[in-house]
Amino acid sequence: MNLNINNVVKQYEIERALDDFTFSVLNVPSVVIVGPSGGGKSTLLRLFAGLEIATSGEICINGQEIVNDENWLKEYRKNVGVVFQSYNLFPHWTAMENITMPLIKVHGYSVEQAKEACLQLLKRFDLIEHIDKIPAKLSGGQQQRIAIARALAINSELLLFDEPTSALDPQLTSGVLEMIVELKKSGTDILMVTHEMAFAKKAADYVVFIDQGKAIEHGTAHEFFNHPKSKVLQEFLSHSTI
Amino acid sequence: MKNLFTTREDNKRITKAATLTNVALVGLFIFLVFLFTVIKLEYSFDFSVISRYQKKFINGFTMTLAICSVSLFISLVIGIVNAIALKSNIIFFRFLARFYVELIRGTPFLVQILFFYFIITPAFGLKDKFIVGFLILSLFSGAYVTEIIRGGIESIPQSQIVTANSLGFSKWQIYRYIIFPQVFKRILPSLAGQISSLIKDSSLLSIIAVSEFTMKTLEVNALTFQTYETLSFLALGYLVITIPISLLSKWLERKYFYES
Ligand SMILES: Nc1ncnc2c1ncn2[C@@H]1O[C@H](COP(=O)(O)OP(=O)(O)O)[C@@H](O)[C@H]1O
Ligand SMILES: [Mg+2]
């Protein structure tokens, strides 16, 4: 994936979540974003997802500039898969409906096509036994894996994750992380915010450290974890368990 | 002995014997009040008025059911449209919807009926009492239904809307497939309560001579002066509808409580 972010500012009423944010990478399959809470990671992800509009600056993903226009964004959002921290699934729909409804209502699939796509995905990720369960009957980890399957169903080349495991009990995180690793292996580009440093170290190609609305430091996973340059990052890493 | 009349703070359960005793006591109390009024008024009963005028009662009761059914449907439509209008980006719609809700909820139903009857009805040339009746009742009930639906919509967590947006659902699709199916289930108990109110409030339409249940009963009363029988029968008629609805509402509440 190619990312090109130039002088992006995101100003909320009081808070400036992104402050002249600049960052670019060329040709890396997976980028992981880390940093202290409140640093602006989720805000950045929401801009990538087309869910919010930057106050100023420009964002390009794979050569495609994100346009500041609600109608354009509506189309754009259809083709980007996003998985949030929690509550991704709609509680009144079964696992299958959660996957098929967007395909049918947004992407124009027939009911059969959507079911077929859903079955394939659930089989692939060993989730088929949950097909008719509503979210309340699933563990947090199962919910997240179904949400990932849903994001994958639209065949987007890029998946965005915002701390997909941070709301889970520790024993449930590995299943979700394994699924993400498998996606990466099968060639899906991944942009992920996470607190799981061990995972970032192992699975990321490129890592960005965000603090106070700025990209403080970034580099390949190897450089980033083994030779952090800035003081803040060294400090941050020393407090994280790897 | 004491257990027959009181429960304890730490154990509110009522035994069978205590239930029977206290039901009997309540019955006795009501009977005494009844007896007092009968003696004081030197009232003599003639229950045959009910059967003699059954046609009027049936007509009135049917009219009440008809007006309430139509009003229920229209007020649901008003409620849905208004609840969406309250969230609209078009400021005029938002203000209009809010003004309507506040106006209706802030004034007595009786005043609304009079206003409608003396101003709107002649101005728009409405003649049919049935139409006037269900229009007034719909407008009245619609404001309360709006508030119920608005509350339901607001109980859907914002995270679901964000997720739906990220999946590319349109605003209309979000209402249609995500918000309303969940809202509908949640508000069923309050909606059932609103139906109950609607039925009771419809009796006020008798003031403008809509020939519904109360109006017809008053007619029988004027012909026979058997006030006790006719009014009791009137109350009973309403209870026959409202008690099952109240039970249904409680059942729905419990059902929803356990499901969520
Ligand atoms: N929707 C919002 N409205 C107002 N302020 C926000 C909003 N979202 C985030 N912020 C603020 O922007 C800053 C960055 O938040 P966020 O992007 O969520 O950080 P992170 O994900 O790194 O914890 C915080 O100070 C937060 O309070
Ligand atoms: Mg965050």
# chains A, B, ... in the order shown; residues from 1 in each chain; ligands from 1

call {"tool": "residues_around", "arguments": {"residues": "A:Ile33", "least_positions_apart": "2", "cutoff": "8 Å", "atoms": "only C-alpha atoms", "output": "ChimeraX atom specification"}}
result
/A:31,35,41,191-194,207-210

call {"tool": "residues_near_ligand", "arguments": {"ligand": "ligand 1", "cutoff": "6 Å", "atoms": "only C-alpha atoms and all ligand atoms", "output": "PyMOL selection string"}}
result
chain A and resi 12+15+17+37-43

call {"tool": "select_by_dssp", "arguments": {"residues": "stretch 12-242 of chain A", "states": "strand (DSSP E)", "output": "ChimeraX atom specification"}}
result
/A:16-25,30-34,56-61,64-65,81-83,158-162,189-193,206-211,214-220

call {"tool": "select_by_dssp", "arguments": {"residues": "stretch 7-167 of chain B", "states": "helix (DSSP H, G or I)", "output": "ChimeraX atom specification"}}
result
/B:16-41,48-52,54-86,91-106,109-123,129-154,158-167

call {"tool": "residues_around", "arguments": {"residues": "stretch 226-232 of chain A", "least_positions_apart": "3", "cutoff": "12 Å", "atoms": "only C-alpha atoms", "output": "list in words"}}
result
Gly35, Pro36, Lys201, Val207, Val208, Phe209, Ile210, Asp211, Gln212, Ala215, Ile216, Glu217, His218, Gly219, Thr220, Ala221, His222, Glu223, Glu235, Phe236, Leu237, Ser238, His239 and Ile242 of chain A

call {"tool": "closest_residue", "arguments": {"among": "B:Ile113, B:Ile207, B:Ala192, B:Val162", "to": "A:Ser86", "atoms": "only C-alpha atoms"}}
result
B:Val162

call {"tool": "interface_residues", "arguments": {"of": "chain A", "to": "chain B", "cutoff": "12 Å", "atoms": "only C-alpha atoms", "output": "ChimeraX atom specification"}}
result
/A:45-52,70-93,97-108,134-137,147,150-154,156,159-160

call {"tool": "residues_around", "arguments": {"residues": "A:Asp189", "least_positions_apart": "2", "cutoff": "7 Å", "atoms": "only C-alpha atoms", "output": "PyMOL selection string"}}
result
chain A and resi 1+29-30+157-159+184+187+191

call {"tool": "decode", "arguments": {"residues": "stretch 171-200 of chain A", "atoms": "N, CA and C atoms", "output": "compact mmCIF listing (two decimals), in the first residue's frame"}}
result
# COMPACT_ATOMS: atom_id res chain seq x y z
N GLN A 171 -7.17 -14.00 26.75
CA GLN A 171 -7.13 -15.31 26.09
C GLN A 171 -7.86 -15.33 24.75
N LEU A 172 -8.62 -14.25 24.47
CA LEU A 172 -9.37 -14.22 23.20
C LEU A 172 -8.63 -13.46 22.10
N THR A 173 -7.58 -12.74 22.48
CA THR A 173 -6.92 -11.88 21.49
C THR A 173 -6.20 -12.69 20.43
N SER A 174 -5.59 -13.82 20.82
CA SER A 174 -4.73 -14.53 19.87
C SER A 174 -5.51 -14.99 18.64
N GLY A 175 -6.75 -15.45 18.85
CA GLY A 175 -7.55 -15.90 17.70
C GLY A 175 -7.73 -14.80 16.69
N VAL A 176 -8.01 -13.59 17.19
CA VAL A 176 -8.24 -12.44 16.30
C VAL A 176 -6.95 -12.06 15.60
N LEU A 177 -5.86 -12.02 16.37
CA LEU A 177 -4.57 -11.62 15.78
C LEU A 177 -4.11 -12.63 14.73
N GLU A 178 -4.35 -13.93 15.01
CA GLU A 178 -3.99 -14.96 14.03
C GLU A 178 -4.73 -14.76 12.72
N MET A 179 -6.00 -14.38 12.86
CA MET A 179 -6.80 -14.15 11.66
C MET A 179 -6.21 -13.00 10.84
N ILE A 180 -5.77 -11.96 11.53
CA ILE A 180 -5.20 -10.80 10.83
C ILE A 180 -3.90 -11.19 10.13
N VAL A 181 -3.10 -12.01 10.80
CA VAL A 181 -1.86 -12.49 10.18
C VAL A 181 -2.16 -13.29 8.92
N GLU A 182 -3.21 -14.11 9.01
CA GLU A 182 -3.55 -14.92 7.84
C GLU A 182 -3.97 -14.05 6.66
N LEU A 183 -4.73 -12.98 6.97
CA LEU A 183 -5.15 -12.06 5.92
C LEU A 183 -3.95 -11.44 5.23
N LYS A 184 -3.00 -11.05 6.06
CA LYS A 184 -1.80 -10.40 5.55
C LYS A 184 -1.08 -11.36 4.60
N LYS A 185 -1.00 -12.62 5.02
CA LYS A 185 -0.31 -13.62 4.20
C LYS A 185 -1.00 -13.80 2.87
N SER A 186 -2.34 -13.69 2.90
CA SER A 186 -3.06 -13.91 1.65
C SER A 186 -3.11 -12.65 0.80
N GLY A 187 -2.39 -11.61 1.22
CA GLY A 187 -2.20 -10.47 0.32
C GLY A 187 -3.08 -9.26 0.54
N THR A 188 -3.82 -9.22 1.66
CA THR A 188 -4.63 -8.04 1.94
C THR A 188 -3.77 -6.98 2.62
N ASP A 189 -3.87 -5.76 2.16
CA ASP A 189 -3.16 -4.67 2.84
C ASP A 189 -3.86 -4.32 4.13
N ILE A 190 -3.06 -4.07 5.15
CA ILE A 190 -3.63 -3.82 6.47
C ILE A 190 -3.05 -2.55 7.09
N LEU A 191 -3.98 -1.74 7.62
CA LEU A 191 -3.56 -0.56 8.38
C LEU A 191 -4.21 -0.70 9.75
N MET A 192 -3.38 -0.79 10.78
CA MET A 192 -3.94 -1.18 12.07
C MET A 192 -3.37 -0.36 13.22
N VAL A 193 -4.29 0.09 14.07
CA VAL A 193 -3.89 0.71 15.33
C VAL A 193 -3.91 -0.39 16.38
N THR A 194 -2.86 -0.52 17.16
CA THR A 194 -2.88 -1.57 18.18
C THR A 194 -2.02 -1.22 19.39
N HIS A 195 -2.36 -1.88 20.49
CA HIS A 195 -1.53 -1.80 21.70
C HIS A 195 -0.65 -3.03 21.84
N GLU A 196 -0.89 -4.00 20.96
CA GLU A 196 -0.18 -5.27 21.07
C GLU A 196 1.20 -5.14 20.44
N MET A 197 2.17 -4.76 21.24
CA MET A 197 3.51 -4.50 20.70
C MET A 197 4.16 -5.77 20.15
N ALA A 198 3.95 -6.89 20.83
CA ALA A 198 4.55 -8.14 20.36
C ALA A 198 4.02 -8.46 18.97
N PHE A 199 2.72 -8.24 18.81
CA PHE A 199 2.10 -8.48 17.52
C PHE A 199 2.67 -7.53 16.46
N ALA A 200 2.77 -6.25 16.82
CA ALA A 200 3.28 -5.25 15.88
C ALA A 200 4.70 -5.62 15.43
